[in-house]
Every structure is written in structure tokens, then in C-alpha cells.
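Next comes upload-v5.cif, with mmCIF, C-alpha atoms.
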```
data_model
loop_
_atom_site.label_atom_id
_atom_site.label_comp_id
_atom_site.auth_asym_id
_atom_site.auth_seq_id
_atom_site.Cartn_x
_atom_site.Cartn_y
_atom_site.Cartn_z
CA MET A 1 23.01 0.43 -0.86
CA MET A 2 20.42 -1.65 0.92
CA ARG A 3 17.13 -0.72 2.50
CA THR A 4 15.87 -3.31 4.93
CA PHE A 5 12.45 -3.80 6.50
CA VAL A 6 11.63 -6.08 9.41
CA LEU A 7 7.89 -6.67 9.81
CA LEU A 8 6.77 -8.30 13.02
CA ALA A 9 3.50 -10.11 12.28
CA ARG A 10 2.34 -11.33 15.65
CA LYS A 11 -0.62 -13.42 14.52
CA ALA A 12 0.59 -14.64 11.13
CA ARG A 13 0.29 -18.37 10.52
CA THR A 14 3.55 -20.33 10.66
CA ASP A 15 2.66 -23.32 8.56
CA SER A 16 1.31 -23.63 5.04
CA SER A 17 -2.21 -24.65 6.01
CA PHE A 18 -3.82 -21.26 5.44
CA ASN A 19 -6.26 -20.65 2.62
CA LEU A 20 -5.33 -18.27 -0.23
CA ASP A 21 -9.04 -17.41 -0.49
CA ASP A 22 -8.99 -16.15 3.09
CA LEU A 23 -5.61 -14.67 3.97
CA PRO A 24 -7.03 -12.42 6.74
CA SER A 25 -8.65 -15.10 8.91
CA SER A 26 -7.03 -18.41 8.03
CA GLY A 27 -3.62 -16.75 7.59
CA GLY A 28 -3.69 -14.64 10.76
CA ARG A 29 -3.68 -11.43 8.70
CA MET A 30 -1.33 -12.86 6.10
CA ASP A 31 -2.92 -10.22 3.82
CA VAL A 32 -1.08 -7.58 5.89
CA VAL A 33 2.21 -9.42 5.38
CA ALA A 34 1.57 -9.72 1.63
CA ARG A 35 0.68 -6.04 1.24
CA CYS A 36 3.79 -5.03 3.16
CA ILE A 37 5.97 -7.18 0.91
CA SER A 38 4.31 -5.62 -2.13
CA SER A 39 4.85 -2.08 -0.80
CA ALA A 40 8.45 -2.85 0.09
CA LEU A 41 9.55 -4.56 -3.12
CA PHE A 42 7.62 -3.06 -6.00
CA ILE A 43 7.59 0.12 -7.96
CA SER A 44 5.47 0.54 -11.07
CA HIS A 45 6.34 -2.15 -13.64
CA ALA A 46 9.43 -3.23 -11.75
CA MET A 47 11.01 -4.42 -8.57
CA ARG A 48 13.35 -2.34 -6.45
CA LYS A 49 16.90 -3.69 -6.58
CA ASP A 50 17.99 -2.67 -3.14
CA VAL A 51 15.48 -4.09 -0.68
CA CYS A 52 15.73 -6.83 1.89
CA PHE A 53 12.50 -7.74 3.67
CA TYR A 54 12.10 -9.90 6.78
CA ALA A 55 8.62 -11.09 7.72
CA VAL A 56 8.77 -12.42 11.27
CA LEU A 57 5.68 -14.58 11.68
CA CYS A 58 4.57 -15.34 15.23
CA GLY A 59 1.20 -17.03 14.97
CA PRO A 60 0.34 -20.71 15.43
CA PRO A 61 1.43 -23.46 15.13
CA ASN A 62 5.24 -23.15 14.85
CA SER A 63 6.11 -19.62 15.98
CA PRO A 64 8.54 -18.07 15.26
CA VAL A 65 9.28 -18.38 11.55
CA THR A 66 10.99 -15.70 9.48
CA VAL A 67 10.79 -15.35 5.72
CA LYS A 68 13.59 -13.28 4.18
CA ILE A 69 13.27 -11.79 0.71
CA ILE A 70 16.13 -10.25 -1.26
CA SER A 71 14.61 -8.23 -4.07
CA SER A 72 17.60 -8.35 -6.40
CA GLU A 73 17.47 -12.15 -6.50
CA LEU A 74 13.72 -12.59 -6.67
CA GLN A 75 11.95 -13.82 -9.80
CA GLY A 76 8.38 -14.36 -10.91
CA VAL A 77 6.63 -12.67 -7.99
CA ARG A 78 3.76 -10.30 -8.72
CA PRO A 79 2.56 -7.48 -6.47
CA ASP A 80 -0.93 -8.86 -5.75
CA GLU A 81 -1.72 -10.32 -2.33
CA ARG A 82 -2.76 -13.73 -3.58
CA SER A 83 0.45 -14.22 -5.56
CA ILE A 84 2.60 -13.21 -2.62
CA GLY A 85 0.43 -15.30 -0.29
CA GLY A 86 1.12 -18.30 -2.51
CA GLN A 87 4.87 -17.71 -2.27
CA LEU A 88 4.66 -17.44 1.51
CA LYS A 89 2.70 -20.69 1.61
CA LEU A 90 5.44 -22.43 -0.34
CA ALA A 91 8.10 -21.02 1.97
CA LEU A 92 6.19 -22.14 5.06
CA ALA A 93 6.00 -25.71 3.77
CA SER A 94 9.71 -26.28 4.37
CA VAL A 95 10.98 -24.55 7.49
CA SER A 96 14.16 -25.63 9.23
CA LYS A 97 16.23 -24.01 11.97
CA GLU A 98 18.76 -22.31 9.68
CA TRP A 99 18.18 -20.24 6.55
CA LYS A 100 17.09 -22.31 3.59
CA GLN A 101 16.48 -20.97 0.11
CA VAL A 102 13.00 -21.92 -1.05
CA GLN A 103 13.26 -20.13 -4.38
CA PRO A 104 15.64 -17.51 -5.80
CA GLY A 105 15.57 -14.54 -3.42
CA MET A 106 13.33 -16.15 -0.79
CA TYR A 107 14.66 -17.80 2.37
CA VAL A 108 13.00 -19.22 5.44
CA ALA A 109 14.18 -20.19 8.93
CA ALA A 110 12.70 -20.87 12.35
CA LYS A 111 14.23 -17.65 13.67
CA SER A 112 12.74 -15.20 16.13
CA PHE A 113 12.49 -11.41 15.98
CA GLN A 114 15.39 -11.13 18.43
CA GLU A 115 17.57 -13.45 16.35
CA ILE A 116 16.87 -11.33 13.25
CA ILE A 117 17.71 -8.13 15.09
CA ARG A 118 20.95 -9.72 16.28
CA GLU A 119 21.84 -10.50 12.63
CA LEU A 120 21.25 -6.83 11.78
CA LYS A 121 22.69 -5.21 14.89
CA ASP A 122 25.61 -3.50 13.13
CA ARG A 123 23.29 -1.66 10.75
CA SER A 124 21.42 1.58 11.46
CA ILE A 125 18.17 0.35 12.96
CA TYR A 126 15.09 2.56 13.24
CA VAL A 127 12.01 1.38 15.10
CA LEU A 128 8.65 2.75 14.04
CA HIS A 129 6.82 3.88 17.14
CA GLU A 130 4.09 6.41 17.81
CA LYS A 131 6.24 8.12 20.44
CA GLY A 132 9.32 8.32 18.22
CA GLU A 133 10.88 11.37 16.59
CA GLN A 134 9.00 12.73 13.62
CA LEU A 135 10.23 11.01 10.46
CA GLN A 136 10.51 14.25 8.48
CA ASP A 137 12.86 15.74 11.11
CA VAL A 138 15.31 12.83 11.36
CA GLU A 139 18.62 12.57 9.50
CA LEU A 140 18.50 8.93 8.46
CA GLU A 141 21.78 7.10 8.01
CA ALA A 142 22.62 5.11 4.91
CA ASN A 143 21.45 1.51 4.52
CA PRO A 144 18.70 1.84 7.12
CA VAL A 145 16.84 -1.02 8.76
CA PHE A 146 13.23 -0.13 9.52
CA VAL A 147 11.39 -2.21 12.13
CA VAL A 148 7.65 -2.09 11.60
CA GLY A 149 4.96 -3.62 13.78
CA ASP A 150 1.77 -5.05 12.33
CA GLN A 151 -1.74 -4.16 13.46
CA VAL A 152 -0.91 -5.59 16.91
CA GLY A 153 2.43 -3.84 17.50
CA LEU A 154 5.70 -4.96 19.10
CA ALA A 155 5.62 -6.90 22.35
CA SER A 156 7.27 -5.00 25.18
CA ASN A 157 10.17 -7.46 25.57
CA ASP A 158 10.88 -7.35 21.82
CA GLU A 159 10.72 -3.57 21.89
CA ALA A 160 13.15 -3.43 24.81
CA PHE A 161 15.47 -5.82 22.98
CA VAL A 162 15.57 -3.94 19.69
CA MET A 163 16.05 -0.61 21.46
CA ARG A 164 19.42 -1.89 22.74
CA TYR A 165 20.66 -1.73 19.14
CA ALA A 166 18.45 0.87 17.48
CA LYS A 167 19.55 4.38 16.52
CA LYS A 168 16.14 5.91 17.15
CA ARG A 169 12.43 5.47 17.27
CA LEU A 170 10.65 7.08 14.34
CA SER A 171 7.06 8.27 14.24
CA LEU A 172 4.89 9.06 11.24
CA GLY A 173 2.60 11.10 13.49
CA SER A 174 -0.49 10.44 15.53
CA THR A 175 -2.41 8.57 12.83
CA PRO A 176 -2.05 4.79 13.19
CA TYR A 177 -1.24 3.91 9.59
CA LEU A 178 -1.48 0.50 7.96
CA ALA A 179 1.93 -1.17 8.03
CA SER A 180 1.98 -1.24 4.21
CA SER A 181 1.32 2.50 4.13
CA VAL A 182 4.13 3.05 6.63
CA ILE A 183 6.50 1.18 4.32
CA SER A 184 5.40 3.19 1.27
CA THR A 185 5.97 6.42 3.16
CA LEU A 186 9.38 5.31 4.46
CA HIS A 187 10.45 4.49 0.92
CA TRP A 188 9.34 7.89 -0.34
CA VAL A 189 11.15 9.74 2.43
CA ALA A 190 14.30 7.63 2.02
CA ASP A 191 14.18 8.16 -1.76
CA ARG A 192 13.94 11.93 -1.19
CA LYS A 193 17.00 11.76 1.06
CA GLY A 194 18.87 9.74 -1.55
CA LEU A 195 19.50 6.86 0.81
CA MET B 1 -13.08 18.16 5.44
CA MET B 2 -12.90 15.74 2.56
CA ARG B 3 -9.96 14.15 0.82
CA THR B 4 -10.81 12.78 -2.60
CA PHE B 5 -8.92 10.42 -4.87
CA VAL B 6 -9.68 9.72 -8.51
CA LEU B 7 -7.93 6.62 -9.82
CA LEU B 8 -7.93 6.10 -13.56
CA ALA B 9 -7.63 2.36 -14.20
CA ARG B 10 -7.27 2.09 -17.94
CA LYS B 11 -7.47 -1.69 -18.26
CA ALA B 12 -9.78 -2.58 -15.38
CA ARG B 13 -12.68 -4.86 -16.26
CA THR B 14 -16.08 -3.15 -16.46
CA ASP B 15 -18.36 -6.08 -15.83
CA SER B 16 -18.52 -8.59 -13.00
CA SER B 17 -17.11 -11.53 -14.95
CA PHE B 18 -13.60 -11.36 -13.49
CA ASN B 19 -12.25 -14.05 -11.19
CA LEU B 20 -11.46 -13.20 -7.55
CA ASP B 21 -8.68 -15.82 -7.73
CA ASP B 22 -7.03 -13.84 -10.50
CA LEU B 23 -7.63 -10.12 -10.08
CA PRO B 24 -4.50 -9.14 -12.05
CA SER B 25 -5.24 -10.92 -15.33
CA SER B 26 -8.97 -11.57 -15.44
CA GLY B 27 -9.72 -8.23 -13.76
CA GLY B 28 -7.39 -6.10 -15.88
CA ARG B 29 -5.25 -5.28 -12.83
CA MET B 30 -8.25 -5.06 -10.52
CA ASP B 31 -5.68 -5.88 -7.79
CA VAL B 32 -4.24 -2.40 -8.34
CA VAL B 33 -7.70 -0.86 -7.91
CA ALA B 34 -8.31 -2.88 -4.74
CA ARG B 35 -4.94 -1.94 -3.22
CA CYS B 36 -5.55 1.72 -3.98
CA ILE B 37 -8.96 1.58 -2.28
CA SER B 38 -7.36 -0.11 0.72
CA SER B 39 -4.62 2.53 0.92
CA ALA B 40 -7.13 5.35 0.54
CA LEU B 41 -9.75 4.21 3.04
CA PHE B 42 -8.00 2.37 5.82
CA ILE B 43 -5.85 3.16 8.77
CA SER B 44 -4.91 0.55 11.35
CA HIS B 45 -8.05 -1.03 12.86
CA ALA B 46 -10.32 1.60 11.35
CA MET B 47 -11.53 3.44 8.32
CA ARG B 48 -10.82 7.09 7.62
CA LYS B 49 -13.96 9.17 7.95
CA ASP B 50 -13.13 11.82 5.39
CA VAL B 51 -12.30 10.04 2.14
CA CYS B 52 -14.12 9.85 -1.15
CA PHE B 53 -12.64 7.50 -3.74
CA TYR B 54 -13.50 7.26 -7.43
CA ALA B 55 -12.25 4.28 -9.40
CA VAL B 56 -12.70 5.05 -13.09
CA LEU B 57 -12.57 1.70 -14.87
CA CYS B 58 -11.83 1.76 -18.60
CA GLY B 59 -11.27 -1.84 -19.62
CA PRO B 60 -13.61 -4.14 -21.55
CA PRO B 61 -16.47 -4.73 -22.10
CA ASN B 62 -18.46 -1.65 -20.98
CA SER B 63 -15.94 1.18 -20.53
CA PRO B 64 -16.26 3.58 -18.83
CA VAL B 65 -17.67 2.66 -15.43
CA THR B 66 -16.95 4.57 -12.24
CA VAL B 67 -17.28 3.19 -8.73
CA LYS B 68 -17.54 5.86 -6.03
CA ILE B 69 -16.87 5.05 -2.37
CA ILE B 70 -17.68 7.35 0.55
CA SER B 71 -15.75 6.09 3.54
CA SER B 72 -18.03 7.54 6.21
CA GLU B 73 -21.00 5.56 4.89
CA LEU B 74 -19.21 2.30 4.15
CA GLN B 75 -19.77 -0.83 6.18
CA GLY B 76 -18.38 -4.33 6.28
CA VAL B 77 -15.45 -3.83 3.92
CA ARG B 78 -12.05 -5.23 4.89
CA PRO B 79 -8.69 -3.99 3.64
CA ASP B 80 -7.65 -7.15 1.81
CA GLU B 81 -7.66 -7.24 -2.00
CA ARG B 82 -10.01 -10.17 -2.32
CA SER B 83 -12.64 -8.60 -0.07
CA ILE B 84 -12.50 -5.32 -1.95
CA GLY B 85 -12.44 -7.19 -5.27
CA GLY B 86 -15.65 -8.92 -4.21
CA GLN B 87 -17.31 -5.59 -3.47
CA LEU B 88 -16.22 -4.23 -6.86
CA LYS B 89 -17.64 -7.33 -8.52
CA LEU B 90 -21.01 -6.73 -6.86
CA ALA B 91 -20.96 -3.08 -7.93
CA LEU B 92 -20.14 -4.00 -11.52
CA ALA B 93 -23.11 -6.36 -11.69
CA SER B 94 -25.58 -3.47 -11.72
CA VAL B 95 -24.34 -0.48 -13.68
CA SER B 96 -26.68 2.15 -15.04
CA LYS B 97 -26.05 5.59 -16.53
CA GLU B 98 -26.61 7.59 -13.33
CA TRP B 99 -25.26 6.99 -9.83
CA LYS B 100 -26.86 4.04 -8.11
CA GLN B 101 -26.11 2.92 -4.57
CA VAL B 102 -25.10 -0.73 -4.55
CA GLN B 103 -24.48 -0.87 -0.81
CA PRO B 104 -24.04 1.76 1.90
CA GLY B 105 -21.19 4.02 0.81
CA MET B 106 -20.67 2.44 -2.60
CA TYR B 107 -22.12 3.84 -5.82
CA VAL B 108 -21.68 2.96 -9.47
CA ALA B 109 -22.44 4.70 -12.76
CA ALA B 110 -21.44 4.46 -16.42
CA LYS B 111 -19.52 7.72 -16.11
CA SER B 112 -16.23 8.65 -17.75
CA PHE B 113 -13.13 10.22 -16.29
CA GLN B 114 -14.08 13.55 -17.83
CA GLU B 115 -17.60 13.40 -16.36
CA ILE B 116 -16.12 12.74 -12.91
CA ILE B 117 -13.70 15.63 -13.25
CA ARG B 118 -16.61 17.87 -14.27
CA GLU B 119 -18.44 16.85 -11.07
CA LEU B 120 -15.36 17.85 -9.06
CA LYS B 121 -14.28 20.93 -11.02
CA ASP B 122 -14.96 23.43 -8.23
CA ARG B 123 -12.64 21.61 -5.83
CA SER B 124 -8.85 21.97 -5.65
CA ILE B 125 -7.66 19.34 -8.10
CA TYR B 126 -4.06 18.06 -8.15
CA VAL B 127 -2.86 15.74 -10.88
CA LEU B 128 -0.04 13.34 -10.05
CA HIS B 129 2.51 13.59 -12.84
CA GLU B 130 6.22 12.88 -13.05
CA LYS B 131 6.84 16.38 -14.40
CA GLY B 132 4.78 18.12 -11.69
CA GLU B 133 5.99 20.24 -8.80
CA GLN B 134 7.58 18.31 -5.97
CA LEU B 135 4.89 17.30 -3.48
CA GLN B 136 6.89 18.36 -0.44
CA ASP B 137 7.25 21.91 -1.82
CA VAL B 138 3.57 22.54 -2.63
CA GLU B 139 1.09 24.36 -0.38
CA LEU B 140 -1.91 22.11 -0.81
CA GLU B 141 -5.35 23.68 -0.41
CA ALA B 142 -8.03 22.23 1.85
CA ASN B 143 -10.28 19.40 0.66
CA PRO B 144 -7.94 18.35 -2.13
CA VAL B 145 -8.80 16.08 -5.05
CA PHE B 146 -5.87 13.92 -6.12
CA VAL B 147 -5.95 12.41 -9.61
CA VAL B 148 -3.80 9.30 -9.82
CA GLY B 149 -3.04 7.23 -12.90
CA ASP B 150 -2.61 3.48 -12.73
CA GLN B 151 0.34 1.55 -14.12
CA VAL B 152 -0.61 2.76 -17.63
CA GLY B 153 -1.04 6.48 -16.84
CA LEU B 154 -3.48 9.11 -18.07
CA ALA B 155 -4.35 9.28 -21.78
CA SER B 156 -3.23 12.56 -23.33
CA ASN B 157 -6.77 13.80 -24.00
CA ASP B 158 -7.82 13.05 -20.42
CA GLU B 159 -4.73 14.80 -19.12
CA ALA B 160 -5.43 17.86 -21.25
CA PHE B 161 -9.03 17.87 -20.00
CA VAL B 162 -8.23 17.64 -16.30
CA MET B 163 -5.53 20.31 -16.59
CA ARG B 164 -8.23 22.82 -17.56
CA TYR B 165 -9.52 22.56 -14.00
CA ALA B 166 -6.52 21.46 -11.97
CA LYS B 167 -4.54 23.69 -9.60
CA LYS B 168 -1.25 21.96 -10.26
CA ARG B 169 0.54 18.84 -11.28
CA LEU B 170 2.29 17.14 -8.36
CA SER B 171 5.29 14.83 -8.53
CA LEU B 172 6.57 12.39 -5.94
CA GLY B 173 9.96 12.41 -7.68
CA SER B 174 11.60 10.39 -10.39
CA THR B 175 10.70 6.96 -8.99
CA PRO B 176 7.55 5.54 -10.63
CA TYR B 177 5.70 4.43 -7.51
CA LEU B 178 2.81 1.99 -7.33
CA ALA B 179 -0.49 3.91 -7.35
CA SER B 180 -1.31 2.51 -3.90
CA SER B 181 2.03 3.77 -2.56
CA VAL B 182 1.33 7.18 -4.10
CA ILE B 183 -1.97 7.30 -2.22
CA SER B 184 -0.33 6.29 1.07
CA THR B 185 2.27 9.02 0.66
CA LEU B 186 -0.32 11.65 -0.26
CA HIS B 187 -2.30 10.81 2.88
CA TRP B 188 0.80 11.12 5.04
CA VAL B 189 1.77 14.47 3.56
CA ALA B 190 -1.80 15.79 3.77
CA ASP B 191 -2.05 14.56 7.38
CA ARG B 192 1.18 16.43 8.20
CA LYS B 193 -0.26 19.59 6.69
CA GLY B 194 -3.46 19.15 8.71
CA LEU B 195 -5.66 19.12 5.61
#
```
Could I get this structure in the form of C-alpha cells?
Amino acid sequence: MMRTFVLLARKARTDSSFNLDDLPSSGGRMDVVARCISSALFISHAMRKDVCFYAVLCGPPNSPVTVKIISSELQGVRPDERSIGGQLKLALASVSKEWKQVQPGMYVAAKSFQEIIRELKDRSIYVLHEKGEQLQDVELEANPVFVVGDQVGLASNDEAFVMRYAKKRLSLGSTPYLASSVISTLHWVADRKGL
Amino acid sequence: MMRTFVLLARKARTDSSFNLDDLPSSGGRMDVVARCISSALFISHAMRKDVCFYAVLCGPPNSPVTVKIISSELQGVRPDERSIGGQLKLALASVSKEWKQVQPGMYVAAKSFQEIIRELKDRSIYVLHEKGEQLQDVELEANPVFVVGDQVGLASNDEAFVMRYAKKRLSLGSTPYLASSVISTLHWVADRKGL
């Protein structure tokens, strides 16, 4: 079983020059990325064993860069934003074209959103979208991939691309939730469905 | 309409001497408190207008201290942990016995969990508990008060006290979720029910 999240962070910094004391501004809302990772990976006192998280970072100066986290391999990461921000900073200090492990469970590559979607195209992909079907009414398939936009949302060409492969668009309703809250809710609903 | 959360943070520091660079250790898991406030107050690009949040802090050296936040009055707070941690630090620098406003929308007092519950006793109180009724099966009443434990959980005497006034215990299932994820899920379910 694997539950996968792809977060598209359109403004997030793509080198390690951001300041851990100011993740929102210097990091291009790297606080959002960190909170999403925390929501995706952690339960109380423990880490989920079945999560893969892709943070696709598209801000300056080296866009795109994707950080991939595999929860079952990860060690020594805490759920607070600063700790996760520090791990992202380390990852962003050594980006190459292909996947490179920067620590157990954390990988980085200069890959775009569309390249990540292509890697996942045989899985059951669900795109979070305000005009999608209501989450509570959808029969999710096993091993889902959830594509979540940040506070900016998906670009129209990326949305068109992912919809070639996606099963459905999912909506949590008319409230525009924080991406981290979307992830928490998706986990709860998927847990209820036993996925 | 008002949605109220009471977070019991059993280890959270009760003076302003904690370090914003280390909310988890020096703050007694003040990162958890900050994430819960973020999850409770914020939606994307905006703050909810109908939330009241109580953080009951019970760590050293001056336990108990409660910080109360009224979202409709609040200004200038961002959703990142460090920003919220900074606001909590300011609040904790000037605690007196009765409620005192430390900035618009933020109040602090040397009040205990049981005193807060007594202030809220005429509202519909729901206590999050692993042995409670399943959230998705419960007809929540309007203007709910949700009582959420932190990573440590409620002390048995506090639990006995709140259950004198509570409507029900609610469970999100067998997974022990982060308190901030619990709050995100409660908001989503309450939004669906139009509360």
C-alpha cells in the first residue's frame, strides 16, 4: 500500500539560500511546503509507513526542482516547520538532473511537475480542484496519488497535462483550504476507506 | 456562528523564555500549539471569521496559562509556526489572573483547563477521544466546542471534569492523528455539515 502526494509549490525557492528564520518570504512560502510534508508524513508520536511525498518547487533561481520523500526510509526528521525546512535546505544544496539521495528517504532532482506525473502515470491519480467531484462521494482506488496545488494553484498547462492521466478531479468543497489541511483531510478520508 | 477549539498542551512553556529557533524543545512542543492555531484560524489567503481558539498551556514555570484567540479581531498574524510562536511569546510576557488583551484578538490569563471549560459549559462541547463515537456518524450541534488533547492527551481528572459538561466524545478512528490534523479534519466535517 502506498499513498502518494504531489505538491506543486509555484513560488518555492529552488536553491538553499533561503533563511530558516523566514521560510515564508525568503523561501517563497517554504513554510507551506514544510507544513504539507508534516501533515503528509506524521501521526502522533510516529511517522506513517506508507507515504511518498513529492514537493515540486518552481520558484527562483533553478526551477523546477523536486524533492521526493519516502516515509518508510526517513530518519531523524521532526514535524516542526523549521526542522523540515532545514532538511529541504540540505536537499536543495545538491541538485542534479537525476534522482540523488541526500539522506535516507529523501531524494532530489531537477525534475518538473510533468516529469513527476509521467513517473506516476500508471497509478490512480486524483487532482484536487474546486470544481471536482466531492471527496466524500468518490470511490477512491487503492494506492492513490493526490495532486495538490499550493496557495497559487496549478498552472493551466500543468492542469491540462495531469488531466490526461488522472482518474478524477476531487473537491473538498467551496472553502479554499490550506494545502496542509487538504492533506490532513485526504489522509482521514483514505484511512476511513481503508486505502 | 462560532466554532471553538480548546487545545490542552500539557508540556507547553508558560513564560516567554522559549527560543523561536527551537519551539519543540525549548517551548515544550510549542510547535504543536502553533500548528494547531494555524490549522484552526487559516484558510488559503485568508483567516476564518468564526473561530475562537483556546491554547491551555500547562508546562513550566507558571502552569496553567491560557491564550485565547478570536479570529475576527486578529490582525497581522501569518500561518507559519515561527510567526505564531512569536505572538505566543509576546502573550506569555504579560500574564495576569484575568483576561488581558495583548493585541487585537489575542488574550491571555492564568486560567486552567477546568476554568476554561466552565466558561464554555453552556455550549455544545465535544471531546476528541479514541473511544468516542465516530465523527462521521455524529449529528453535531451548532456552534460546537471541540476539546483536543496534544501529543500527551488529557489528564484523567481533566477528562472526568469536561465529561460533566460535554455532549459526546468524538473519535476520528484508530489512527492517532496530529492535533493539527484533527483540527483540519474537524473543520472540514463541520463545513460539510454547514455548522
Kindly provide, as a ChimeraX atom specification, the polymer residues lying within 9 Å of (-6.8, 5.9, -11.3), counting all atoms listed in the file and using the coordinates exactly as they appear in the file.
/B:5-10,33,36,54-57,147-151,153-154,179
For the file shown, report as a VMD selection string the outcome of the PyMOL selection byres ((chain A and resi 16-26) around 7) at residue level.
chain A and resid 14 to 15 27 to 31 82 85 to 86 89 to 90 92 to 93
Could you write those residues out with C-alpha atoms, as a PDB file, in the coordinates of the input?
```pdb
ATOM      1  CA  THR A  14       3.550 -20.330  10.660  1.00  0.00           C
ATOM      2  CA  ASP A  15       2.660 -23.320   8.560  1.00  0.00           C
ATOM      3  CA  GLY A  27      -3.620 -16.750   7.590  1.00  0.00           C
ATOM      4  CA  GLY A  28      -3.690 -14.640  10.760  1.00  0.00           C
ATOM      5  CA  ARG A  29      -3.680 -11.430   8.700  1.00  0.00           C
ATOM      6  CA  MET A  30      -1.330 -12.860   6.100  1.00  0.00           C
ATOM      7  CA  ASP A  31      -2.920 -10.220   3.820  1.00  0.00           C
ATOM      8  CA  ARG A  82      -2.760 -13.730  -3.580  1.00  0.00           C
ATOM      9  CA  GLY A  85       0.430 -15.300  -0.290  1.00  0.00           C
ATOM     10  CA  GLY A  86       1.120 -18.300  -2.510  1.00  0.00           C
ATOM     11  CA  LYS A  89       2.700 -20.690   1.610  1.00  0.00           C
ATOM     12  CA  LEU A  90       5.440 -22.430  -0.340  1.00  0.00           C
ATOM     13  CA  LEU A  92       6.190 -22.140   5.060  1.00  0.00           C
ATOM     14  CA  ALA A  93       6.000 -25.710   3.770  1.00  0.00           C
TER      15      ALA A  93
END
```
Which residues would end up in the selection if the PyMOL selection byres ((chain A) within 7 of (chain B)) were applied here, given that I need the answer as a list in words?
Asp31, Ser39, Ile43, Ser44, Asp80, Glu81, Gln151, Pro176, Tyr177, Leu178, Ser181, Ser184 and Thr185 of chain A
If we count all atoms listed in the file, what is near segment 67-71 of chain B at a cut-off of 9 Å, once residues fewer than 6 positions away on the same chain are taken out, given as a PyMOL selection string?
chain B and resi 37+41-42+47-57+88+91-92+99+104-111
Near Ser124 of chain A, within 10 Å and counting all atoms listed in the file, which residues show up once chain neighbours fewer than 3 positions away are dropped, as a short mmCIF file (atom, residue, chain, number, x, y, z; two decimals) with C-alpha atoms, in the coordinates of the input?
```
data_model
loop_
_atom_site.label_atom_id
_atom_site.label_comp_id
_atom_site.auth_asym_id
_atom_site.auth_seq_id
_atom_site.Cartn_x
_atom_site.Cartn_y
_atom_site.Cartn_z
CA THR A 4 15.87 -3.31 4.93
CA LEU A 120 21.25 -6.83 11.78
CA LYS A 121 22.69 -5.21 14.89
CA LEU A 140 18.50 8.93 8.46
CA GLU A 141 21.78 7.10 8.01
CA ALA A 142 22.62 5.11 4.91
CA ASN A 143 21.45 1.51 4.52
CA PRO A 144 18.70 1.84 7.12
CA VAL A 145 16.84 -1.02 8.76
CA PHE A 146 13.23 -0.13 9.52
CA TYR A 165 20.66 -1.73 19.14
CA ALA A 166 18.45 0.87 17.48
CA LYS A 167 19.55 4.38 16.52
CA LYS A 168 16.14 5.91 17.15
#
```
For atom CA of Asn157 of chain A and atom CA of Val138 of chain A, determine how far apart the two atoms are, in Å to one decimal place.
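Atom CA of Asn157 of chain A sits 25.3 Å away from atom CA of Val138 of chain A.
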What separation in Å, quoted to one decimal, exists between atom CA of Asp122 of chain A and atom CA of Gln103 of chain A?
27.1 Å
d(atom CA of Arg164 of chain B, atom CA of Glu133 of chain B) in Å
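Computing the Euclidean distance for atom CA of Arg164 of chain B and atom CA of Glu133 of chain B yields 16.9 Å.
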Padding 4 Å on every side, please: axis-aligned box over the listed atoms of segment 113-116 of chain A, centre and edge lengths to one decimal in Å, as AutoDock Vina command-line options.
```
--center_x 15.0 --center_y -12.3 --center_z 15.8 --size_x 13.1 --size_y 10.3 --size_z 13.2
```
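The smallest atom-to-atom distance between Phe113 of chain B and any of B:Ser171, B:Ser72, B:Glu159, B:Asn62, using only C-alpha atoms, is found for B:Glu159.
Distance check against Ile116 of chain B using only C-alpha atoms: of B:Met1, B:Leu128, B:Phe161, B:Lys100, the minimum falls on B:Phe161.
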Selected segment 96-111 of chain A, written as a JSON list (two decimals), in the first residue's frame, N, CA and C atoms:
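The result, stored in selection-v1.json:
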```
[["chain", "number", "residue", "atom", "x", "y", "z"],
["A", 96, "SER", "N", 20.93, 17.59, -8.89],
["A", 96, "SER", "CA", 21.39, 17.23, -10.24],
["A", 96, "SER", "C", 20.18, 16.81, -11.07],
["A", 97, "LYS", "N", 20.41, 16.46, -12.32],
["A", 97, "LYS", "CA", 19.28, 16.19, -13.21],
["A", 97, "LYS", "C", 18.48, 14.97, -12.75],
["A", 98, "GLU", "N", 19.20, 13.89, -12.38],
["A", 98, "GLU", "CA", 18.50, 12.65, -12.00],
["A", 98, "GLU", "C", 18.39, 12.55, -10.47],
["A", 99, "TRP", "N", 17.54, 11.64, -10.02],
["A", 99, "TRP", "CA", 17.33, 11.47, -8.58],
["A", 99, "TRP", "C", 18.64, 11.18, -7.87],
["A", 100, "LYS", "N", 18.86, 11.89, -6.79],
["A", 100, "LYS", "CA", 20.03, 11.65, -5.95],
["A", 100, "LYS", "C", 19.55, 11.59, -4.51],
["A", 101, "GLN", "N", 20.02, 10.58, -3.77],
["A", 101, "GLN", "CA", 19.65, 10.50, -2.36],
["A", 101, "GLN", "C", 20.48, 11.49, -1.57],
["A", 102, "VAL", "N", 19.81, 12.35, -0.81],
["A", 102, "VAL", "CA", 20.56, 13.32, 0.00],
["A", 102, "VAL", "C", 20.62, 12.89, 1.46],
["A", 103, "GLN", "N", 19.73, 12.03, 1.84],
["A", 103, "GLN", "CA", 19.78, 11.36, 3.15],
["A", 103, "GLN", "C", 18.80, 10.20, 3.04],
["A", 104, "PRO", "N", 18.80, 9.26, 4.00],
["A", 104, "PRO", "CA", 17.87, 8.14, 3.86],
["A", 104, "PRO", "C", 16.44, 8.64, 3.71],
["A", 105, "GLY", "N", 15.77, 8.23, 2.65],
["A", 105, "GLY", "CA", 14.37, 8.58, 2.44],
["A", 105, "GLY", "C", 14.13, 9.91, 1.77],
["A", 106, "MET", "N", 15.18, 10.67, 1.48],
["A", 106, "MET", "CA", 14.99, 11.97, 0.82],
["A", 106, "MET", "C", 15.85, 12.05, -0.44],
["A", 107, "TYR", "N", 15.19, 12.39, -1.55],
["A", 107, "TYR", "CA", 15.82, 12.41, -2.86],
["A", 107, "TYR", "C", 15.54, 13.75, -3.52],
["A", 108, "VAL", "N", 16.42, 14.17, -4.40],
["A", 108, "VAL", "CA", 16.20, 15.43, -5.09],
["A", 108, "VAL", "C", 16.63, 15.29, -6.55],
["A", 109, "ALA", "N", 15.93, 15.99, -7.43],
["A", 109, "ALA", "CA", 16.27, 16.00, -8.86],
["A", 109, "ALA", "C", 15.71, 17.27, -9.49],
["A", 110, "ALA", "N", 16.34, 17.68, -10.59],
["A", 110, "ALA", "CA", 15.85, 18.86, -11.32],
["A", 110, "ALA", "C", 14.73, 18.42, -12.25],
["A", 111, "LYS", "N", 13.66, 17.90, -11.67],
["A", 111, "LYS", "CA", 12.54, 17.38, -12.47],
["A", 111, "LYS", "C", 11.32, 18.29, -12.32]]
```
